Amino acid sequence: MNAKGELHPARQSEGREPRTDPLTGLGDRFALESALVEVQKAEGGLPAALLLLDLDGFKALKKSVGHAAADQVLMTVAMRLRETAGENDVVTRLGGDEFAVLLRATPLARATAAGNRILAALEPEIDLGTESVQCRASVGLRMVEPHHSPSEVLLEADMAMEESKAEGRNKVKNFDPATLLARQLQRQIVGDLAHAIDSDQLVLYYQPIVELATGRLQGSEALVRWNHPEHGLIMPDRFIPIAESSGLIAKLGRWVLRTSVAQLAVWRQDPETAQHDFTMRINVSAPDLQSLEFVDDVREALSGAGLPPESLVLELTESAIIQNNELDRYTLMSLHRLGVGLEIDDFGTGYSSMGYLRKLPVDHVKVDREFVRDLGKDDTQLTFLAAIQQVIRSCGLDGIWEGIETAEQAEALRSIGCTSGQGYYFGRPVPGPEFTENLKRQQTWPA
Ligand code: C2E
Ligand code: CA
Ligand code: CA
């Protein structure tokens with residue numbers, strides 16, 4: 001409606017009359033849409049901001065307290081919103097547990113502050129007679145642009161609200177076009193990735209793992225990259241999480257397994273590169289442990305390439321290894337019985353309890369690079385690393401220190417009895433052919 005109380009012509013012609021929500025007495029979605037149109041037209045209406053709220057966990061709450069009590073929660077939320085909003089602001093209920101507040105003549109900073117005031121107003125528990133509940137919300141914020149259609153504003157506020165949920169809820173999140181672009185790219189990536197695995201766009205890079213005392217090569221870690229025809233080389237941090245959440249990881253993991261094992265077989269067979277105790281390390285995702293075929297895949301890959309099981313080490317993160325799941329435990333034990341090496345990757349970043357080190361069927365521990373990075377910051381860090389190394393050793397495990405970038409770091413680790421290391425100082429991950437050349441040329445690492 002405009003200042004005179006007339007409906008905007010576009011709204012009228014669509015026949016979507018603003019109505020009042022019978023439960024809360026607030027305006028409905030159409031009331032919001034006409035207010036949005038009006039604010040764009042009105043003198044001094046802009047800047048204006050739309051705050052879109054979605055109550056966190058409302059479905060579960062409704063299930064536990066029942067319909068009537070849930071309605072009472074919605075009414076209380078409506079009341080608190082109205083109390084918090086200024087008299088020029090338009091408070092509406094869009095349906096279900098979704099509310100919107102349109103703030104007129106409000107710049108971004110003040111809109112953010114208003115969003116936070118709303119979150120604070122929702123904080124106190126709501127008394128339902130027999131029990132009291134707490135109701136929090138995720139808030140998306142979108143500044144209204146002059147040429148924005150109401151549905152665009154709503155959609156983008158909704159995207160911001162989804163971001164707020166994704167970031168842990170109970171916060172105000174401003175719409176960010178970059179995030180939108182990232183999401184679109186992500187959707188595209190899922191489609192492309194399925195195709196990439198079949199069309200040779202994935203590449204393995206290999207990084208040396210070195211004996212600290214002598215510089216002798218012990219093996220390599222295979223790290224996957226995606227040679228995207230449009231976007232160029234994409235690093236794994238950008239597509240592994242997508243592969244994991246989309247279910248593509250099983251296929252990708254199988255490709256990594258086969259390709260790395262085939263490469264290892266080539267290196268072992270060629271007298272110029274052969275080294276009998278060279279091990280290949282590959283990264284295994286948590287979902288792989290839940291697949292019954294995984295153990296068979298590993299067994300077949302090794303026997304197909306004529307390689308002994310101990311020439312392969314599977315790197316698993318702490319969280320993947322510790323999931324208290326029968327199937328995971330079964331898979332781990334089967335892999336252990338098969339004779340492949342098992343390694344905890346990124347050690348020290350997940351579960352800080354060290355007790356499990358003695359209980360799991362693992363042989364190696366790769367200490368996360370954040371520990372090495374902090375070396376030299378203060379004198380106690382080296383003492384701390386020595387203690388970690390001591391624990392690893394006393395559990396009968398083999399420790400590998402990753403992220404070694406300087407000679408000083410390598411020397412410091414050597415001085416406290418660390419035996420194996422990996423990092424840019426010894427060599428960056430390189431494609432197979434380049435690694436082969438280094439194998440032929442290089443006796444000790446770094447060159
Ligand atoms: P990660 O397993 O911890 O691998 C080590 C990462 O550290 C690699 O990054 C490597 O390039 C990087 N790095 C090595 N030395 C240094 C150093 O001295 N300094 C610094 N700052 N970084 C170093 P990358 O290749 O980008 O891989 C990132 C992560 O992606 C890996 O972390 C691993 O979790 C995952 N990933 C890589 N390849 C695969 C794969 O084939 N399958 C699965 N499931 N995950 C993979
Ligand atoms: Ca790794
Ligand atoms: Ca790691």
# chains A, B, ... in the order shown; residues from 1 in each chain; ligands from 1

call {"tool": "closest_atom_pairs", "arguments": {"of": "range 109-217 of chain A", "to": "range 265-281 of chain A", "cutoff": "12 Å", "atoms": "only C-alpha atoms", "output": "Markdown table"}}
result
| residue | atom | partner | partner_atom | distance |
| --- | --- | --- | --- | --- |
| A:Leu204 | CA | A:Arg281 | CA | 11.7 |
| A:Tyr205 | CA | A:Arg281 | CA | 11.6 |
| A:Tyr206 | CA | A:Met280 | CA | 9.1 |
| A:Gln207 | CA | A:Arg281 | CA | 9.6 |
| A:Pro208 | CA | A:Met280 | CA | 9.7 |
| A:Ile209 | CA | A:Thr279 | CA | 9.1 |
| A:Val210 | CA | A:Phe278 | CA | 10.4 |
| A:Glu211 | CA | A:Phe278 | CA | 11.6 |
| A:Arg216 | CA | A:Phe278 | CA | 10.4 |
| A:Leu217 | CA | A:Phe278 | CA | 7.5 |

call {"tool": "residues_near_ligand", "arguments": {"ligand": "ligand 1", "cutoff": "8 Å", "atoms": "only C-alpha atoms and all ligand atoms", "output": "NGL selection string"}}
result
:A and (204-205 or 207 or 221-225 or 235-237 or 240 or 249 or 252-253 or 256 or 282-285 or 315 or 317 or 345-346 or 368-369 or 402-405 or 422-425 or 427-429)

call {"tool": "atom_distance", "arguments": {"atom1": "CA of Leu46 in chain A", "atom2": "CA of Ala105 in chain A"}}
result
5.2 Å

call {"tool": "select_by_dssp", "arguments": {"residues": "range 135-262 of chain A", "states": "strand (DSSP E)", "output": "compact mmCIF listing (two decimals) with all heavy atoms, in the first residue's frame"}}
result
# COMPACT_ATOMS: atom_id res chain seq x y z
N ALA A 137 16.65 -17.60 16.21
CA ALA A 137 16.37 -17.46 14.78
C ALA A 137 17.64 -17.23 13.99
O ALA A 137 18.66 -16.82 14.53
CB ALA A 137 15.42 -16.29 14.56
N SER A 138 17.56 -17.54 12.71
CA SER A 138 18.62 -17.16 11.77
C SER A 138 18.07 -16.01 10.96
O SER A 138 16.93 -16.07 10.49
CB SER A 138 18.97 -18.33 10.86
OG SER A 138 19.42 -19.41 11.64
N VAL A 139 18.88 -14.98 10.80
CA VAL A 139 18.38 -13.77 10.15
C VAL A 139 19.19 -13.45 8.90
O VAL A 139 20.41 -13.36 8.94
CB VAL A 139 18.44 -12.57 11.12
CG1 VAL A 139 17.89 -11.32 10.44
CG2 VAL A 139 17.68 -12.86 12.39
N GLY A 140 18.47 -13.30 7.78
CA GLY A 140 19.10 -12.85 6.54
C GLY A 140 18.75 -11.40 6.32
O GLY A 140 17.62 -10.97 6.57
N LEU A 141 19.74 -10.63 5.88
CA LEU A 141 19.52 -9.20 5.66
C LEU A 141 19.76 -8.88 4.19
O LEU A 141 20.74 -9.32 3.60
CB LEU A 141 20.51 -8.43 6.54
CG LEU A 141 20.39 -6.92 6.70
CD1 LEU A 141 21.32 -6.46 7.83
CD2 LEU A 141 20.69 -6.12 5.47
N ARG A 142 18.84 -8.14 3.58
CA ARG A 142 19.06 -7.68 2.21
C ARG A 142 18.66 -6.22 2.11
O ARG A 142 17.52 -5.88 2.45
CB ARG A 142 18.24 -8.53 1.23
CG ARG A 142 18.39 -8.10 -0.22
CD ARG A 142 19.84 -8.27 -0.67
NE ARG A 142 20.03 -8.03 -2.09
CZ ARG A 142 20.95 -7.19 -2.60
NH1 ARG A 142 21.71 -6.46 -1.79
NH2 ARG A 142 21.11 -7.10 -3.89
N MET A 143 19.60 -5.37 1.69
CA MET A 143 19.27 -3.97 1.45
C MET A 143 18.39 -3.91 0.19
O MET A 143 18.66 -4.61 -0.79
CB MET A 143 20.54 -3.15 1.23
CG MET A 143 21.45 -3.02 2.46
SD MET A 143 20.62 -2.42 3.96
CE MET A 143 20.25 -0.72 3.50
N VAL A 144 17.36 -3.10 0.24
CA VAL A 144 16.43 -3.00 -0.90
C VAL A 144 17.03 -2.03 -1.93
O VAL A 144 17.33 -0.89 -1.61
CB VAL A 144 15.05 -2.49 -0.45
CG1 VAL A 144 14.09 -2.46 -1.61
CG2 VAL A 144 14.52 -3.38 0.68
N VAL A 172 22.95 -12.58 12.30
CA VAL A 172 22.44 -11.79 11.19
C VAL A 172 23.47 -11.85 10.07
O VAL A 172 24.63 -11.61 10.27
CB VAL A 172 22.26 -10.31 11.61
CG1 VAL A 172 21.70 -9.49 10.44
CG2 VAL A 172 21.35 -10.21 12.82
N LYS A 173 22.98 -12.21 8.88
CA LYS A 173 23.91 -12.36 7.76
C LYS A 173 23.44 -11.47 6.62
O LYS A 173 22.30 -11.57 6.17
CB LYS A 173 23.89 -13.85 7.36
CG LYS A 173 25.00 -14.31 6.51
CD LYS A 173 26.27 -14.57 7.26
CE LYS A 173 27.37 -14.67 6.23
NZ LYS A 173 28.61 -14.16 6.58
N ASN A 174 24.34 -10.61 6.15
CA ASN A 174 24.00 -9.73 5.04
C ASN A 174 24.17 -10.49 3.72
O ASN A 174 25.10 -11.27 3.58
CB ASN A 174 24.91 -8.50 5.09
CG ASN A 174 24.56 -7.49 4.01
OD1 ASN A 174 23.43 -7.48 3.50
ND2 ASN A 174 25.51 -6.66 3.66
N LEU A 202 41.15 -35.49 -13.98
CA LEU A 202 41.80 -35.53 -12.67
C LEU A 202 43.27 -35.92 -12.86
O LEU A 202 43.61 -36.70 -13.74
CB LEU A 202 41.12 -36.55 -11.75
CG LEU A 202 39.67 -36.27 -11.39
CD1 LEU A 202 39.15 -37.29 -10.39
CD2 LEU A 202 39.49 -34.86 -10.84
N VAL A 203 44.11 -35.32 -12.01
CA VAL A 203 45.54 -35.63 -12.09
C VAL A 203 46.05 -35.87 -10.68
O VAL A 203 45.61 -35.20 -9.74
CB VAL A 203 46.39 -34.42 -12.59
CG1 VAL A 203 47.59 -34.89 -13.37
CG2 VAL A 203 45.56 -33.42 -13.33
N LEU A 204 46.97 -36.80 -10.54
CA LEU A 204 47.61 -36.98 -9.23
C LEU A 204 48.97 -36.29 -9.24
O LEU A 204 49.73 -36.40 -10.20
CB LEU A 204 47.79 -38.46 -8.91
CG LEU A 204 46.53 -39.22 -8.53
CD1 LEU A 204 46.86 -40.66 -8.13
CD2 LEU A 204 45.79 -38.52 -7.37
N TYR A 205 49.22 -35.53 -8.17
CA TYR A 205 50.54 -34.96 -7.93
C TYR A 205 51.16 -35.79 -6.80
O TYR A 205 50.44 -36.35 -5.97
CB TYR A 205 50.42 -33.50 -7.50
CG TYR A 205 50.29 -32.51 -8.65
CD1 TYR A 205 49.45 -32.77 -9.73
CD2 TYR A 205 51.01 -31.32 -8.65
CE1 TYR A 205 49.32 -31.86 -10.77
CE2 TYR A 205 50.89 -30.40 -9.69
CZ TYR A 205 50.04 -30.68 -10.74
OH TYR A 205 49.92 -29.76 -11.77
N TYR A 206 52.47 -35.86 -6.79
CA TYR A 206 53.15 -36.68 -5.78
C TYR A 206 54.13 -35.81 -5.01
O TYR A 206 54.87 -35.02 -5.59
CB TYR A 206 53.87 -37.85 -6.43
CG TYR A 206 52.92 -38.75 -7.20
CD1 TYR A 206 52.65 -38.52 -8.55
CD2 TYR A 206 52.24 -39.79 -6.55
CE1 TYR A 206 51.74 -39.31 -9.25
CE2 TYR A 206 51.33 -40.58 -7.24
CZ TYR A 206 51.09 -40.33 -8.59
OH TYR A 206 50.18 -41.11 -9.27
N GLN A 207 54.10 -35.97 -3.68
CA GLN A 207 55.01 -35.19 -2.83
C GLN A 207 55.90 -36.16 -2.04
O GLN A 207 55.41 -37.15 -1.50
CB GLN A 207 54.20 -34.31 -1.87
CG GLN A 207 55.09 -33.36 -1.08
CD GLN A 207 54.32 -32.42 -0.17
OE1 GLN A 207 53.24 -32.75 0.31
NE2 GLN A 207 54.90 -31.26 0.07
N PRO A 208 57.21 -35.87 -1.99
CA PRO A 208 58.12 -36.80 -1.31
C PRO A 208 57.93 -36.84 0.20
O PRO A 208 57.61 -35.84 0.82
CB PRO A 208 59.51 -36.24 -1.65
CG PRO A 208 59.30 -34.82 -2.00
CD PRO A 208 57.92 -34.73 -2.60
N ILE A 209 58.17 -38.02 0.75
CA ILE A 209 58.25 -38.20 2.20
C ILE A 209 59.66 -38.72 2.48
O ILE A 209 60.12 -39.67 1.83
CB ILE A 209 57.17 -39.17 2.69
CG1 ILE A 209 55.81 -38.46 2.52
CG2 ILE A 209 57.39 -39.55 4.15
CD1 ILE A 209 54.63 -39.36 2.63
N VAL A 210 60.33 -38.03 3.41
CA VAL A 210 61.78 -38.17 3.49
C VAL A 210 62.22 -38.56 4.90
O VAL A 210 61.62 -38.14 5.88
CB VAL A 210 62.41 -36.80 3.08
CG1 VAL A 210 63.91 -36.78 3.34
CG2 VAL A 210 62.10 -36.48 1.63
N GLU A 211 63.28 -39.38 4.97
CA GLU A 211 63.88 -39.70 6.27
C GLU A 211 64.69 -38.49 6.73
O GLU A 211 65.62 -38.06 6.03
CB GLU A 211 64.79 -40.92 6.11
CG GLU A 211 65.34 -41.44 7.41
CD GLU A 211 66.14 -42.72 7.19
OE1 GLU A 211 67.02 -42.72 6.30
OE2 GLU A 211 65.89 -43.71 7.89
N LEU A 217 64.67 -40.85 0.43
CA LEU A 217 63.25 -40.89 0.10
C LEU A 217 62.60 -42.15 0.69
O LEU A 217 63.11 -43.25 0.53
CB LEU A 217 63.10 -40.89 -1.42
CG LEU A 217 61.69 -40.71 -1.95
CD1 LEU A 217 61.18 -39.31 -1.65
CD2 LEU A 217 61.66 -40.97 -3.45
N GLN A 218 61.46 -41.97 1.34
CA GLN A 218 60.75 -43.13 1.89
C GLN A 218 59.49 -43.46 1.09
O GLN A 218 59.02 -44.58 1.11
CB GLN A 218 60.36 -42.85 3.35
CG GLN A 218 61.57 -42.68 4.26
CD GLN A 218 61.14 -42.36 5.67
OE1 GLN A 218 60.27 -41.52 5.90
NE2 GLN A 218 61.76 -43.03 6.64
N GLY A 219 58.96 -42.45 0.44
CA GLY A 219 57.74 -42.69 -0.33
C GLY A 219 57.15 -41.38 -0.81
O GLY A 219 57.82 -40.34 -0.79
N SER A 220 55.88 -41.44 -1.21
CA SER A 220 55.23 -40.21 -1.66
C SER A 220 53.77 -40.22 -1.24
O SER A 220 53.19 -41.27 -1.01
CB SER A 220 55.32 -40.09 -3.19
OG SER A 220 54.51 -41.08 -3.77
N GLU A 221 53.23 -39.02 -1.14
CA GLU A 221 51.79 -38.90 -0.93
C GLU A 221 51.17 -38.45 -2.25
O GLU A 221 51.65 -37.51 -2.88
CB GLU A 221 51.45 -37.88 0.16
CG GLU A 221 49.94 -37.68 0.32
CD GLU A 221 49.53 -36.75 1.46
OE1 GLU A 221 50.41 -36.20 2.15
OE2 GLU A 221 48.30 -36.58 1.64
N ALA A 222 50.12 -39.16 -2.67
CA ALA A 222 49.41 -38.78 -3.89
C ALA A 222 48.35 -37.76 -3.53
O ALA A 222 47.55 -37.97 -2.61
CB ALA A 222 48.75 -40.01 -4.51
N LEU A 223 48.35 -36.62 -4.22
CA LEU A 223 47.38 -35.54 -3.96
C LEU A 223 46.66 -35.20 -5.25
O LEU A 223 47.30 -34.91 -6.26
CB LEU A 223 48.11 -34.32 -3.39
CG LEU A 223 48.77 -34.55 -2.02
CD1 LEU A 223 49.92 -33.59 -1.78
CD2 LEU A 223 47.73 -34.46 -0.90
N VAL A 224 45.36 -35.26 -5.20
CA VAL A 224 44.59 -35.11 -6.44
C VAL A 224 44.37 -33.64 -6.79
O VAL A 224 44.25 -32.78 -5.91
CB VAL A 224 43.24 -35.87 -6.32
CG1 VAL A 224 42.28 -35.18 -5.37
CG2 VAL A 224 42.58 -36.05 -7.69
N ARG A 225 44.38 -33.33 -8.06
CA ARG A 225 44.01 -32.02 -8.59
C ARG A 225 43.07 -32.23 -9.75
O ARG A 225 43.08 -33.29 -10.37
CB ARG A 225 45.24 -31.26 -9.13
CG ARG A 225 46.03 -30.49 -8.09
CD ARG A 225 47.26 -31.28 -7.69
NE ARG A 225 48.05 -30.65 -6.65
CZ ARG A 225 47.79 -30.74 -5.33
NH1 ARG A 225 46.77 -31.44 -4.88
NH2 ARG A 225 48.57 -30.13 -4.46
N TRP A 226 42.33 -31.18 -10.06
CA TRP A 226 41.38 -31.28 -11.16
C TRP A 226 41.75 -30.27 -12.23
O TRP A 226 41.71 -29.08 -12.00
CB TRP A 226 39.98 -31.02 -10.61
CG TRP A 226 38.88 -31.02 -11.63
CD1 TRP A 226 38.96 -31.31 -12.96
CD2 TRP A 226 37.52 -30.70 -11.38
NE1 TRP A 226 37.74 -31.20 -13.55
CE2 TRP A 226 36.83 -30.82 -12.61
CE3 TRP A 226 36.81 -30.33 -10.23
CZ2 TRP A 226 35.48 -30.57 -12.72
CZ3 TRP A 226 35.46 -30.08 -10.34
CH2 TRP A 226 34.80 -30.21 -11.58
N ASN A 227 42.11 -30.79 -13.36
CA ASN A 227 42.48 -29.93 -14.48
C ASN A 227 41.21 -29.56 -15.24
O ASN A 227 40.86 -30.22 -16.21
CB ASN A 227 43.45 -30.70 -15.37
CG ASN A 227 44.43 -29.77 -16.01
OD1 ASN A 227 44.19 -28.57 -16.08
ND2 ASN A 227 45.54 -30.32 -16.47
N HIS A 228 40.54 -28.51 -14.79
CA HIS A 228 39.24 -28.14 -15.34
C HIS A 228 39.43 -27.39 -16.66
O HIS A 228 40.25 -26.48 -16.75
CB HIS A 228 38.50 -27.25 -14.33
CG HIS A 228 37.05 -27.07 -14.61
ND1 HIS A 228 36.60 -26.25 -15.62
CD2 HIS A 228 35.95 -27.61 -14.04
CE1 HIS A 228 35.27 -26.28 -15.63
NE2 HIS A 228 34.86 -27.10 -14.69
N GLY A 232 40.81 -24.07 -15.07
CA GLY A 232 42.21 -24.38 -14.82
C GLY A 232 42.38 -25.40 -13.70
O GLY A 232 41.45 -26.15 -13.39
N LEU A 233 43.55 -25.38 -13.05
CA LEU A 233 43.84 -26.37 -12.02
C LEU A 233 43.08 -26.04 -10.74
O LEU A 233 43.28 -24.99 -10.16
CB LEU A 233 45.35 -26.41 -11.77
CG LEU A 233 45.89 -27.70 -11.17
CD1 LEU A 233 45.74 -28.85 -12.15
CD2 LEU A 233 47.35 -27.54 -10.78
N ILE A 234 42.21 -26.95 -10.32
CA ILE A 234 41.44 -26.73 -9.09
C ILE A 234 42.02 -27.61 -7.99
O ILE A 234 42.27 -28.80 -8.19
CB ILE A 234 39.94 -27.05 -9.29
CG1 ILE A 234 39.39 -26.26 -10.49
CG2 ILE A 234 39.15 -26.74 -8.05
CD1 ILE A 234 37.90 -26.47 -10.73

call {"tool": "closest_residue", "arguments": {"among": "A:Gln263, A:Ser319, A:Thr179, A:Gln409", "to": "Val372 in chain A", "atoms": "only C-alpha atoms"}}
result
A:Gln409

call {"tool": "atom_distance", "arguments": {"atom1": "CA of Asp56 in chain A", "atom2": "CA of Ser151 in chain A"}}
result
23.1 Å

call {"tool": "atom_distance", "arguments": {"atom1": "CA of Val90 in chain A", "atom2": "CA of Leu50 in chain A"}}
result
9.4 Å

call {"tool": "closest_residue", "arguments": {"among": "A:Lys171, A:Lys251, A:Arg29, A:Arg80", "to": "Ala196 in chain A", "atoms": "only C-alpha atoms"}}
result
A:Lys251

call {"tool": "select_by_dssp", "arguments": {"residues": "range 149-331 of chain A", "states": "alpha helix (DSSP H)", "output": "NGL selection string"}}
result
:A and (150-166 or 177-198 or 236-246 or 249-269 or 286-289 or 293-305 or 318-322 or 326-331)

call {"tool": "closest_residue", "arguments": {"among": "A:Ile321, A:Met159, A:Thr24, A:Asp363", "to": "Ala178 in chain A", "atoms": "only C-alpha atoms"}}
result
A:Met159

call {"tool": "residues_around", "arguments": {"residues": "Ala386 in chain A", "least_positions_apart": "4", "cutoff": "12 Å", "atoms": "only C-alpha atoms", "output": "list in words"}}
result
Val367, Phe371, Val372, Leu375, Asp379, Thr380, Gln381, Leu382, Gln390, Val391, Ile392, Arg393, Gly399, Trp401, Ala412, Leu413, Arg414, Ser415, Ile416, Gly417, Cys418 and Thr419 of chain A

call {"tool": "write_last_selection", "arguments": {"atoms": "C-alpha atoms", "output": "PDB file, in the first residue's frame"}}
result
ATOM      1  CA  VAL A 367      51.223 -34.756  12.668  1.00  0.00           C
ATOM      2  CA  PHE A 371      52.453 -27.754  14.872  1.00  0.00           C
ATOM      3  CA  VAL A 372      55.466 -27.318  12.599  1.00  0.00           C
ATOM      4  CA  LEU A 375      57.967 -23.811  15.550  1.00  0.00           C
ATOM      5  CA  ASP A 379      60.915 -21.757  23.063  1.00  0.00           C
ATOM      6  CA  THR A 380      58.262 -24.023  24.505  1.00  0.00           C
ATOM      7  CA  GLN A 381      56.929 -25.140  21.100  1.00  0.00           C
ATOM      8  CA  LEU A 382      59.849 -27.487  20.453  1.00  0.00           C
ATOM      9  CA  GLN A 390      57.399 -39.159  22.643  1.00  0.00           C
ATOM     10  CA  VAL A 391      53.731 -40.163  22.848  1.00  0.00           C
ATOM     11  CA  ILE A 392      53.716 -41.401  19.258  1.00  0.00           C
ATOM     12  CA  ARG A 393      56.871 -43.408  19.826  1.00  0.00           C
ATOM     13  CA  GLY A 399      55.434 -40.331  13.218  1.00  0.00           C
ATOM     14  CA  TRP A 401      55.792 -34.478  10.347  1.00  0.00           C
ATOM     15  CA  ALA A 412      64.671 -28.790  14.926  1.00  0.00           C
ATOM     16  CA  LEU A 413      62.504 -31.856  14.351  1.00  0.00           C
ATOM     17  CA  ARG A 414      65.546 -34.040  13.845  1.00  0.00           C
ATOM     18  CA  SER A 415      66.971 -32.745  17.128  1.00  0.00           C
ATOM     19  CA  ILE A 416      63.977 -34.076  19.059  1.00  0.00           C
ATOM     20  CA  GLY A 417      64.113 -37.501  17.442  1.00  0.00           C
ATOM     21  CA  CYS A 418      61.528 -37.168  14.682  1.00  0.00           C
ATOM     22  CA  THR A 419      62.294 -39.554  11.860  1.00  0.00           C
TER      23      THR A 419
END

call {"tool": "closest_residue", "arguments": {"among": "A:Thr349, A:Ser64, A:Ser291, A:Ser334", "to": "ligand 3", "atoms": "only C-alpha atoms and all ligand atoms"}}
result
A:Thr349

call {"tool": "residues_around", "arguments": {"residues": "Ser246 in chain A", "least_positions_apart": "5", "cutoff": "12 Å", "atoms": "only C-alpha atoms", "output": "MDAnalysis selection string"}}
result
chainID A and resid 186:187 189:191 193:194 239:241 251:252 287

call {"tool": "closest_residue", "arguments": {"among": "A:Leu94, A:Asp89, A:Phe99, A:Asn170", "to": "Val77 in chain A", "atoms": "only C-alpha atoms"}}
result
A:Phe99
